[in-house]
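Structure file input.cif (mmCIF, C-alpha atoms) follows.
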data_structure
loop_
_atom_site.label_atom_id
_atom_site.label_comp_id
_atom_site.auth_asym_id
_atom_site.auth_seq_id
_atom_site.Cartn_x
_atom_site.Cartn_y
_atom_site.Cartn_z
CA MET A 1 1.79 10.48 57.79
CA SER A 2 3.77 8.34 55.41
CA ALA A 3 6.83 9.67 53.62
CA PRO A 4 6.45 10.51 49.91
CA THR A 5 7.32 7.69 47.60
CA THR A 6 10.55 8.24 45.66
CA HIS A 7 10.90 7.06 42.09
CA ARG A 8 13.89 4.78 42.06
CA TRP A 9 15.62 3.59 38.91
CA THR A 10 15.00 -0.08 39.28
CA PRO A 11 16.41 -2.47 36.66
CA ALA A 12 12.95 -2.82 35.13
CA ARG A 13 12.56 0.97 34.81
CA ARG A 14 16.03 1.27 33.27
CA ARG A 15 15.25 -1.43 30.72
CA ARG A 16 11.94 0.23 29.85
CA ALA A 17 13.64 3.62 29.44
CA ALA A 18 16.32 2.07 27.22
CA HIS A 19 13.68 0.39 25.08
CA ASN A 20 11.77 3.66 24.75
CA ALA A 21 14.94 5.51 23.77
CA VAL A 22 15.74 2.94 21.09
CA ALA A 23 12.15 3.08 19.80
CA LEU A 24 12.30 6.88 19.59
CA ALA A 25 15.63 6.75 17.76
CA VAL A 26 14.33 4.21 15.23
CA SER A 27 11.14 6.24 14.75
CA ALA A 28 13.17 9.39 14.13
CA VAL A 29 15.28 7.62 11.48
CA LEU A 30 12.16 6.29 9.73
CA VAL A 31 10.26 9.59 9.86
CA PHE A 32 13.15 11.85 8.85
CA PRO A 33 13.00 11.10 5.07
CA VAL A 34 9.31 11.99 5.06
CA TYR A 35 9.99 15.20 6.99
CA TRP A 36 12.86 16.09 4.65
CA MET A 37 10.65 15.58 1.59
CA VAL A 38 7.92 17.86 2.95
CA ALA A 39 10.44 20.43 4.19
CA THR A 40 12.22 20.51 0.84
CA ALA A 41 8.91 20.93 -0.99
CA LEU A 42 8.28 24.06 1.09
CA LYS A 43 11.70 25.61 0.48
CA GLN A 44 12.45 28.36 -1.97
CA ARG A 45 14.21 27.26 -5.13
CA ALA A 46 17.52 28.88 -4.10
CA HIS A 47 17.60 26.95 -0.82
CA ILE A 48 16.98 23.49 -2.31
CA LEU A 49 20.41 23.20 -3.97
CA SER A 50 22.27 25.13 -1.29
CA SER A 51 25.51 23.53 -0.07
CA VAL A 52 24.43 24.31 3.49
CA PRO A 53 21.40 22.15 4.40
CA GLN A 54 18.38 24.01 5.75
CA PHE A 55 16.60 21.70 8.18
CA PHE A 56 13.77 24.13 8.92
CA PRO A 57 12.47 25.82 5.76
CA TRP A 58 11.86 29.52 6.24
CA PRO A 59 10.21 31.44 4.77
CA LEU A 60 7.72 28.80 3.66
CA SER A 61 7.10 28.87 -0.07
CA PRO A 62 4.18 27.22 -1.91
CA GLU A 63 5.69 27.89 -5.33
CA ASN A 64 6.91 24.29 -5.77
CA PHE A 65 3.39 22.94 -5.23
CA ALA A 66 1.99 25.55 -7.60
CA ARG A 67 4.39 24.50 -10.39
CA ALA A 68 3.63 20.84 -9.77
CA LEU A 69 -0.13 21.31 -9.95
CA GLU A 70 0.16 23.47 -13.05
CA LYS A 71 1.87 20.65 -14.92
CA PRO A 72 -0.35 19.64 -17.89
CA GLY A 73 -2.48 16.54 -17.39
CA PHE A 74 -2.34 16.40 -13.59
CA GLY A 75 -6.11 15.85 -13.18
CA THR A 76 -6.13 13.14 -15.85
CA PHE A 77 -3.22 11.29 -14.26
CA VAL A 78 -4.90 11.41 -10.83
CA ARG A 79 -8.09 9.96 -12.29
CA ASN A 80 -6.17 7.22 -14.10
CA SER A 81 -4.20 6.26 -10.98
CA LEU A 82 -7.29 6.13 -8.78
CA THR A 83 -9.22 4.09 -11.35
CA VAL A 84 -6.45 1.56 -11.86
CA THR A 85 -5.52 1.30 -8.18
CA LEU A 86 -9.01 0.98 -6.72
CA SER A 87 -10.06 -1.48 -9.43
CA SER A 88 -7.00 -3.62 -8.71
CA VAL A 89 -7.63 -3.56 -4.96
CA VAL A 90 -11.34 -4.43 -5.14
CA LEU A 91 -11.00 -7.17 -7.75
CA SER A 92 -7.96 -8.69 -6.07
CA LEU A 93 -9.67 -8.82 -2.67
CA VAL A 94 -12.84 -10.41 -4.06
CA ILE A 95 -11.00 -13.08 -6.03
CA SER A 96 -8.40 -13.80 -3.34
CA LEU A 97 -11.07 -14.06 -0.61
CA PHE A 98 -13.00 -16.76 -2.48
CA ALA A 99 -9.76 -18.53 -3.45
CA ALA A 100 -8.44 -18.44 0.13
CA ILE A 101 -11.68 -19.90 1.52
CA ALA A 102 -11.65 -22.64 -1.11
CA ILE A 103 -8.02 -23.58 -0.40
CA ALA A 104 -8.39 -23.46 3.39
CA ARG A 105 -11.77 -25.15 3.79
CA PHE A 106 -11.98 -27.67 0.95
CA ARG A 107 -9.80 -30.61 -0.03
CA PHE A 108 -9.45 -31.10 -3.77
CA ALA A 109 -7.03 -32.62 -6.25
CA GLY A 110 -4.04 -30.35 -6.89
CA ARG A 111 -4.45 -28.31 -3.70
CA LYS A 112 -0.81 -28.71 -2.68
CA ALA A 113 0.29 -27.86 -6.20
CA VAL A 114 -1.71 -24.62 -6.05
CA LEU A 115 -0.06 -23.68 -2.74
CA THR A 116 3.38 -24.42 -4.18
CA VAL A 117 2.71 -22.29 -7.24
CA LEU A 118 1.54 -19.39 -5.05
CA VAL A 119 4.84 -19.45 -3.20
CA LEU A 120 6.98 -19.82 -6.32
CA VAL A 121 5.24 -17.00 -8.20
CA GLN A 122 6.03 -14.57 -5.39
CA MET A 123 9.76 -15.30 -5.84
CA VAL A 124 9.79 -14.01 -9.43
CA PRO A 125 10.92 -10.35 -9.65
CA ALA A 126 8.31 -8.14 -11.27
CA ALA A 127 10.94 -6.53 -13.51
CA ALA A 128 11.69 -9.93 -15.06
CA MET A 129 8.07 -10.16 -16.24
CA VAL A 130 7.92 -6.86 -18.15
CA ILE A 131 8.58 -8.35 -21.60
CA PRO A 132 6.33 -11.45 -21.18
CA VAL A 133 3.49 -9.29 -19.85
CA TYR A 134 3.94 -6.83 -22.71
CA LEU A 135 3.85 -9.59 -25.32
CA MET A 136 0.82 -11.23 -23.71
CA LEU A 137 -1.15 -7.98 -23.56
CA ARG A 138 -0.20 -7.17 -27.14
CA SER A 139 -1.45 -10.56 -28.30
CA ILE A 140 -4.89 -9.95 -26.78
CA GLY A 141 -5.07 -6.30 -27.81
CA ALA A 142 -4.91 -4.92 -24.25
CA LEU A 143 -1.97 -2.54 -24.66
CA ASP A 144 -2.70 1.11 -23.86
CA PHE A 145 -5.90 -0.06 -22.20
CA VAL A 146 -6.78 0.56 -18.52
CA PRO A 147 -8.20 -2.96 -17.92
CA GLY A 148 -4.93 -4.37 -19.26
CA LEU A 149 -2.97 -2.49 -16.60
CA VAL A 150 -5.45 -3.59 -13.91
CA LEU A 151 -5.03 -7.20 -15.03
CA THR A 152 -1.25 -6.83 -14.81
CA TYR A 153 -1.35 -5.53 -11.24
CA MET A 154 -3.75 -8.27 -10.20
CA THR A 155 -1.35 -10.87 -11.58
CA PHE A 156 1.33 -9.79 -9.13
CA VAL A 157 -0.96 -9.06 -6.18
CA LEU A 158 -3.16 -12.18 -6.17
CA PRO A 159 -0.51 -14.76 -5.11
CA PHE A 160 0.35 -12.72 -2.01
CA THR A 161 -3.24 -11.86 -1.09
CA ILE A 162 -4.45 -15.45 -1.56
CA TRP A 163 -1.61 -16.86 0.53
CA THR A 164 -2.09 -14.27 3.29
CA LEU A 165 -5.88 -14.61 3.50
CA ARG A 166 -5.58 -18.39 3.45
CA GLY A 167 -3.58 -18.16 6.68
CA PHE A 168 -6.28 -16.00 8.27
CA VAL A 169 -9.01 -18.41 7.19
CA ASP A 170 -7.06 -21.34 8.66
CA ALA A 171 -6.84 -19.47 11.96
CA VAL A 172 -10.64 -19.25 12.29
CA PRO A 173 -12.02 -22.37 14.06
CA VAL A 174 -14.30 -24.43 11.85
CA GLU A 175 -16.58 -24.90 14.87
CA LEU A 176 -17.69 -21.26 14.61
CA GLU A 177 -18.91 -21.82 11.07
CA GLU A 178 -20.60 -25.09 12.02
CA ALA A 179 -22.35 -23.42 14.97
CA ALA A 180 -23.66 -20.67 12.69
CA LEU A 181 -25.02 -23.26 10.25
CA VAL A 182 -26.71 -25.14 13.10
CA ASP A 183 -28.30 -21.88 14.30
CA GLY A 184 -30.00 -21.49 10.95
CA CYS A 185 -27.59 -19.35 8.94
CA GLY A 186 -27.20 -20.17 5.29
CA ARG A 187 -23.68 -20.71 4.01
CA PHE A 188 -23.54 -17.24 2.46
CA GLN A 189 -24.88 -15.63 5.65
CA MET A 190 -22.34 -17.56 7.67
CA TYR A 191 -19.51 -16.20 5.52
CA VAL A 192 -20.80 -12.62 5.78
CA ARG A 193 -21.75 -12.56 9.48
CA VAL A 194 -19.13 -14.85 10.99
CA LEU A 195 -16.12 -15.39 8.77
CA LEU A 196 -15.83 -12.01 7.06
CA PRO A 197 -15.55 -9.90 10.26
CA LEU A 198 -12.89 -12.23 11.63
CA LEU A 199 -10.93 -11.94 8.38
CA MET A 200 -11.01 -8.15 8.43
CA PRO A 201 -7.41 -7.71 9.70
CA GLY A 202 -6.15 -9.88 6.84
CA ILE A 203 -8.35 -8.11 4.29
CA VAL A 204 -7.07 -4.71 5.45
CA ALA A 205 -3.44 -5.86 5.40
CA THR A 206 -3.73 -7.27 1.88
CA SER A 207 -5.67 -4.23 0.66
CA ILE A 208 -2.81 -1.98 1.81
CA PHE A 209 -0.32 -4.16 -0.07
CA ALA A 210 -2.48 -4.16 -3.21
CA PHE A 211 -3.02 -0.39 -3.03
CA VAL A 212 0.66 0.45 -2.62
CA ASN A 213 1.69 -2.06 -5.30
CA ALA A 214 -0.62 -0.53 -7.90
CA TRP A 215 -0.23 3.11 -6.82
CA ASP A 216 3.58 3.14 -6.83
CA ASP A 217 4.24 1.18 -10.02
CA TYR A 218 6.08 3.00 -12.77
CA ILE A 219 7.58 0.34 -15.06
CA PHE A 220 4.38 -1.40 -16.18
CA ALA A 221 2.40 1.84 -16.40
CA TYR A 222 5.08 3.32 -18.67
CA VAL A 223 5.53 0.22 -20.84
CA ILE A 224 1.87 -0.76 -21.24
CA MET A 225 0.37 2.72 -21.61
CA LYS A 226 1.39 4.45 -24.83
CA SER A 227 -1.02 7.38 -24.85
CA GLN A 228 -0.21 10.27 -22.53
CA SER A 229 -3.89 10.49 -21.63
CA ASN A 230 -3.62 7.00 -20.06
CA TYR A 231 -0.51 7.67 -17.97
CA THR A 232 -0.62 7.36 -14.19
CA LEU A 233 0.94 9.57 -11.53
CA PRO A 234 4.31 7.72 -11.31
CA VAL A 235 4.87 8.49 -14.99
CA TRP A 236 3.83 12.09 -14.32
CA LEU A 237 6.58 12.37 -11.69
CA VAL A 238 9.25 11.57 -14.27
CA SER A 239 8.06 14.44 -16.48
CA PHE A 240 9.79 16.93 -14.14
CA LYS A 241 13.12 15.64 -15.42
CA THR A 242 14.09 16.67 -18.94
CA SER A 243 17.24 16.34 -21.00
CA GLU A 244 18.13 19.93 -20.14
CA SER A 245 17.35 20.23 -16.44
CA VAL A 246 15.49 18.86 -13.43
CA ASP A 247 12.95 20.89 -11.51
CA TYR A 248 13.80 19.42 -8.12
CA GLY A 249 11.44 21.66 -6.17
CA ALA A 250 8.39 20.78 -8.26
CA MET A 251 9.40 17.10 -8.39
CA ILE A 252 9.64 16.84 -4.60
CA ALA A 253 6.38 18.75 -4.18
CA ALA A 254 4.76 16.34 -6.64
CA SER A 255 6.19 13.41 -4.67
CA THR A 256 4.60 14.83 -1.53
CA ILE A 257 1.25 15.12 -3.28
CA PHE A 258 1.72 11.60 -4.65
CA SER A 259 2.18 10.23 -1.11
CA VAL A 260 -1.02 11.73 0.29
CA PRO A 261 -3.51 9.14 -1.10
CA VAL A 262 -1.51 6.27 0.40
CA LEU A 263 -1.58 7.96 3.80
CA VAL A 264 -5.31 8.71 3.50
CA PHE A 265 -6.07 5.12 2.48
CA PHE A 266 -4.10 3.75 5.43
CA LEU A 267 -5.87 6.09 7.87
CA LEU A 268 -9.24 4.96 6.52
CA VAL A 269 -8.54 1.26 6.94
CA GLN A 270 -6.20 1.12 9.95
CA ARG A 271 -9.09 1.20 12.43
CA ARG A 272 -10.56 -1.88 10.77
CA LEU A 273 -7.20 -3.60 11.12
CA VAL A 274 -7.63 -3.55 14.91
CA GLY A 275 -11.42 -3.59 15.06
CA GLY A 276 -11.68 -6.73 12.98
CA MET A 277 -9.85 -8.70 15.65
CA THR A 278 -12.65 -8.20 18.18
CA SER A 279 -15.72 -8.18 15.92
CA GLY A 280 -17.86 -10.92 14.48
CA ALA A 281 -18.63 -14.25 16.08
CA VAL A 282 -16.39 -13.76 19.11
CA LYS A 283 -18.26 -10.61 20.07
CA GLY A 284 -21.01 -10.91 22.64
#

Could the structure of this file be written out as structure tokens, please?
Amino acid sequence: MSAPTTHRWTPARRRRAAHNAVALAVSAVLVFPVYWMVATALKQRAHILSSVPQFFPWPLSPENFARALEKPGFGTFVRNSLTVTLSSVVLSLVISLFAAIAIARFRFAGRKAVLTVLVLVQMVPAAAMVIPVYLMLRSIGALDFVPGLVLTYMTFVLPFTIWTLRGFVDAVPVELEEAALVDGCGRFQMYVRVLLPLLMPGIVATSIFAFVNAWDDYIFAYVIMKSQSNYTLPVWLVSFKTSESVDYGAMIAASTIFSVPVLVFFLLVQRRLVGGMTSGAVKG
């Protein structure tokens, strides 16, 4: 009968344990702000501004969420944010997908110039474009108009999504497309059945960027939209701060509510981020 095996701390095990400890520490630092936001939203008003921090809120209080949801116009702002964000994501993905395929698969005059412009546009800070965008939208009568805000978000999202998807298209061997055409697929069928599944990780990654970019924006939504009925949720968050006081509890509860759609959207698409790598033409 052999002696029981003892677990010895070999150098490899020590390195793995150290790496795990560092990963846990980094994860804790990244997750703590989210935990603190949710915990603060569940605190009673007297505990939020206490000089002694309360890391575990007790008793739990839903009053901050109640005040946030009772704020006038909440339903309208949610509808506006979802309309603008989803429209920006869908339109940006459709346009950038066709543009990325054209840039990656075809050679045409000015192709290098287009690639250079895509890189340069991404270097311009969005805040520097507030006045030009405002003047342009005013000249075409698109101020205080939802499509005008969608167009603005697409302007800043498209360079990144086109550049990113172009890299994914370049990574797909042309031989796969040629084999599909030889097997009788039309060009459109080849794109849908072969290329599109292989591009799914890139599409998901760019959709997350487009969603967060449109969902979190405050400056353009505030400047372009003049009517309160057209405001989005980031503008709604600012309404908890007045010249007289700040309702910190309701503001933090509203921020928690504001973060939920981003989390839900990521959970819906994250499986496709991994699944797209093994689907499509390389799948037996």

Could you write out as a PyMOL selection string the residues that the PyMOL selection byres ((chain A and resi 173-180) around 9) matches in the shown file?
chain A and resi 105+169-172+181-187+189-191+193-195+281-282

Determine, counting only C-alpha atoms, which protein, DNA and RNA residues have an atom within 12 Å of an atom of Val212 (chain A); residues of the same chain fewer than 2 positions away are not included. Present the result as a PyMOL selection string.
chain A and resi 81-82+84-86+88-89+153+157+205-210+214-218+234+258-266

Among the residues A:Ile252, A:Ile131, A:Val146, A:Val114, the one that comes closest to Arg79 (chain A) [using all atoms listed in the file]
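Of the candidates, the smallest distance to Arg79 (chain A) is held by A:Val146.
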
Which value, in Å to one decimal, gives the distance between CA of Gln270 (chain A) and CA of Phe77 (chain A)?
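Result for CA of Gln270 (chain A) versus CA of Phe77 (chain A): 26.4 Å, one decimal.
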
Go through the shown structure with the PyMOL selection byres ((chain A and resi 149) around 12) and write out the matching residues as a count of residues only.
42

Of the candidates A:Val192, A:Ala17, A:Leu120, A:Leu49, which shows the shortest atom-to-atom distance to Leu97 (chain A), using all atoms listed in the file?
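Looking at the shortest contact to Leu97 (chain A), the residue is A:Val192.
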
Which value, in Å to one decimal, gives the distance between CA of Phe188 (chain A) and CA of Lys112 (chain A)?
26.0 Å

Expressed in Å to a single decimal, how great is the separation between CA of Leu198 (chain A) and CA of Leu165 (chain A)?
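CA of Leu165 (chain A) lies at a distance of 11.0 Å from CA of Leu198 (chain A).
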
Between A:Val246, A:Ser229, A:Leu135, A:Leu267, single out the one closest to Val78 (chain A), counting all atoms listed in the file.
A:Ser229

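If you apply the PyMOL selection byres ((chain A and resi 99) around 12) to this structure, you end up with Ser92, Leu93, Val94, Ile95, Ser96, Leu97, Phe98, Ala100, Ile101, Ala102, Ile103, Ala104, Arg105, Phe106, Arg111, Val114, Leu115, Leu118, Leu158, Pro159, Phe160, Thr161, Ile162, Trp163, Thr164, Leu165, Arg166, Gly167 and Val169 of chain A.
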
Can you write just those residues out, C-alpha atoms, as a compact mmCIF listing (two decimals), in the frame of the given file?
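Okay, again.txt is ready:
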# COMPACT_ATOMS: atom_id res chain seq x y z
CA SER A 92 -7.96 -8.69 -6.07
CA LEU A 93 -9.67 -8.82 -2.67
CA VAL A 94 -12.84 -10.41 -4.06
CA ILE A 95 -11.00 -13.08 -6.03
CA SER A 96 -8.40 -13.80 -3.34
CA LEU A 97 -11.07 -14.06 -0.61
CA PHE A 98 -13.00 -16.76 -2.48
CA ALA A 100 -8.44 -18.44 0.13
CA ILE A 101 -11.68 -19.90 1.52
CA ALA A 102 -11.65 -22.64 -1.11
CA ILE A 103 -8.02 -23.58 -0.40
CA ALA A 104 -8.39 -23.46 3.39
CA ARG A 105 -11.77 -25.15 3.79
CA PHE A 106 -11.98 -27.67 0.95
CA ARG A 111 -4.45 -28.31 -3.70
CA VAL A 114 -1.71 -24.62 -6.05
CA LEU A 115 -0.06 -23.68 -2.74
CA LEU A 118 1.54 -19.39 -5.05
CA LEU A 158 -3.16 -12.18 -6.17
CA PRO A 159 -0.51 -14.76 -5.11
CA PHE A 160 0.35 -12.72 -2.01
CA THR A 161 -3.24 -11.86 -1.09
CA ILE A 162 -4.45 -15.45 -1.56
CA TRP A 163 -1.61 -16.86 0.53
CA THR A 164 -2.09 -14.27 3.29
CA LEU A 165 -5.88 -14.61 3.50
CA ARG A 166 -5.58 -18.39 3.45
CA GLY A 167 -3.58 -18.16 6.68
CA VAL A 169 -9.01 -18.41 7.19

Between A:Ala128, A:Val90, A:Leu69, A:Val52, which residue has the minimum interatomic distance to Trp236 (chain A), considering all atoms listed in the file?
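Among A:Ala128, A:Val90, A:Leu69, A:Val52, it is A:Leu69 that comes nearest to Trp236 (chain A).
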
Selection: 7 Å around Leu237 (chain A), all atoms listed in the file, excl. self and same-chain fewer than 3 positions, as a PyMOL selection string:
chain A and resi 233-234+240+251+254
